[in-house]
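*Asks:* Got a structure here, written out as structure tokens. Questions coming.
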Amino acid sequence: MSSDVSRQTYPFSLSELPYAYDALEPHIDARTLTVHHREHHAGYVKKLNEAVASQENLHRRTLEQLLQDAATLPPETQGAVRNNGGGHLNHDFFWSVLARTPAHAPRGKLAEALQSQFGSLENFREKFSDAANSHFASGWVALAYQHGDARLGIVHLKDHEVLPAGRQSGLLICDVWEHAYYLKYQNRRPEFVEAFWQVVNWPRVEENFARATGPL
Ligand code: MN3
């Protein structure tokens, strides 16, 4: 079970994956997943801790608060918090929306919302895939619930940019950094995105939608 790292405070910590490293084979191979979690994600957590270690006034702030107020941090800390804190938050979210379960479509209210807004589930999937495949350089593509207009949006996040807390709630996210797929798929990102759909944890995405649209 992956924890919600947005509420973590210093020292930040890396959670175990909610499944074994080989659980997503053959779609996402064990070697890629191991390196991704134990080297890349762990590296962001380590560097985030290093950036915040000497600043005791920041030790009581949650990860979400640090990211939201990044602009007010000392210049030498700002970039490190945005990149490594964002990397920590987005990776934890990414792991939570993947599962060994066989691929199936979303159900219930989420399915209805996707159908009414994108025309069909297939159309939503195609639009999300297009966004993931066309995202330039490193970053993430997410499905988010936008609280302002109560609509769903497919959002591009550059590098380790995060969704704006309070305004958008993340439902689903795909890591399109090359480190997410290069060992198995090299430059063939569309093959990785197809593989991603095979391991989406739809029940979790449905829960995320229920939480985003439910009573506070
Ligand atoms: Mn990554």
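Ordering of the structure tokens sets the chain letters (A, B, ...); residue numbers start at 1 within each chain; ligands are numbered from 1 in the order shown.
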Within 8 Å of ligand 1, counting only C-alpha atoms and all ligand atoms, which protein or nucleic acid residues do you find, written as a list in words?
*Replies:*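 Listing the residues within 8 Å of ligand 1 gives His36, His37, His40, His41, Gly87, His91, Asp175, Val176, Trp177, Glu178, His179 and Ala180 of chain A.
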*Asks:* Can you tell me which residues surround stretch 123-135 of chain A at a distance of at most 7 Å, considering only C-alpha atoms, apart from same-chain residues fewer than 6 positions away, and format the answer as a PyMOL selection string?
*Replies:* chain A and resi 114+141+154+176+189-190+193
*Asks:* Please report as a tab-separated table every residue of stretch 90-201 of chain A lying within 12 Å of stretch 68-76 of chain A, along with the nearest atom pair and their distance in Å (one decimal), using only C-alpha atoms.
*Replies:*
```
residue	atom	partner	partner_atom	distance
A:Glu161	CA	A:Gln68	CA	10.8
A:Val162	CA	A:Gln68	CA	9.2
A:Leu163	CA	A:Gln68	CA	9.8
A:Pro164	CA	A:Gln68	CA	7.5
A:Ala165	CA	A:Gln68	CA	7.4
A:Gly166	CA	A:Gln68	CA	10.1
A:Arg167	CA	A:Gln68	CA	11.5
```
*Asks:* Using all heavy atoms, can you write the selected residues to a file as a compact mmCIF listing (two decimals), in the first residue's frame?
*Replies:*
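Below is the file selection27.txt, written as the result:
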```
# COMPACT_ATOMS: atom_id res chain seq x y z
N GLU A 161 7.28 18.94 -12.51
CA GLU A 161 6.20 19.85 -12.12
C GLU A 161 5.07 19.00 -11.52
O GLU A 161 4.83 17.88 -11.97
CB GLU A 161 5.72 20.56 -13.38
CG GLU A 161 4.74 21.68 -13.18
CD GLU A 161 4.20 22.18 -14.54
OE1 GLU A 161 4.80 21.85 -15.59
OE2 GLU A 161 3.19 22.87 -14.52
N VAL A 162 4.36 19.54 -10.54
CA VAL A 162 3.25 18.80 -9.93
C VAL A 162 1.92 19.50 -10.22
O VAL A 162 1.89 20.68 -10.57
CB VAL A 162 3.43 18.65 -8.39
CG1 VAL A 162 4.68 17.84 -8.07
CG2 VAL A 162 3.47 20.01 -7.70
N LEU A 163 0.83 18.76 -10.07
CA LEU A 163 -0.49 19.36 -10.24
C LEU A 163 -0.72 20.37 -9.11
O LEU A 163 -0.29 20.13 -7.99
CB LEU A 163 -1.56 18.26 -10.17
CG LEU A 163 -1.59 17.30 -11.36
CD1 LEU A 163 -2.48 16.10 -11.04
CD2 LEU A 163 -2.09 18.00 -12.62
N PRO A 164 -1.37 21.49 -9.42
CA PRO A 164 -1.60 22.50 -8.38
C PRO A 164 -2.60 22.01 -7.33
O PRO A 164 -3.78 21.80 -7.65
CB PRO A 164 -2.14 23.70 -9.16
CG PRO A 164 -2.67 23.15 -10.44
CD PRO A 164 -1.92 21.88 -10.72
N ALA A 165 -2.12 21.80 -6.11
CA ALA A 165 -2.96 21.27 -5.03
C ALA A 165 -4.15 22.19 -4.80
O ALA A 165 -4.03 23.41 -4.85
CB ALA A 165 -2.13 21.15 -3.75
N GLY A 166 -5.31 21.58 -4.60
CA GLY A 166 -6.51 22.37 -4.33
C GLY A 166 -7.26 22.74 -5.60
O GLY A 166 -8.47 22.85 -5.60
N ARG A 167 -6.54 22.95 -6.70
CA ARG A 167 -7.20 23.32 -7.95
C ARG A 167 -7.43 22.11 -8.86
O ARG A 167 -8.41 22.01 -9.56
CB ARG A 167 -6.38 24.37 -8.70
CG ARG A 167 -6.21 25.66 -7.91
CD ARG A 167 -6.06 26.86 -8.82
NE ARG A 167 -4.96 26.75 -9.77
CZ ARG A 167 -3.70 27.04 -9.46
NH1 ARG A 167 -3.37 27.46 -8.27
NH2 ARG A 167 -2.74 26.92 -10.37
```
*Asks:* Based on the backbone DSSP call, show me all residues of chain A assigned helix (DSSP H, G or I), as number ranges by chain.
*Replies:* A: 5-7, 30-53, 56-58, 63-68, 70-72, 75-96, 108-118, 121-134, 178-180, 182-185, 189-198, 202-213
*Asks:* Out of A:Leu121, A:Leu89, A:Val97, A:Ile28, which residue has the shortest atom-to-atom distance to A:Glu194 when counting only C-alpha atoms?
*Replies:*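 Under the stated criterion, the closest residue is A:Ile28.
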*Asks:* Please extract the residues of stretch 8-201 of chain A with a backbone DSSP assignment of strand (DSSP E or B) and present them as an MDAnalysis selection string.
*Replies:* chainID A and resid 98 139:146 151:158 168:175 200
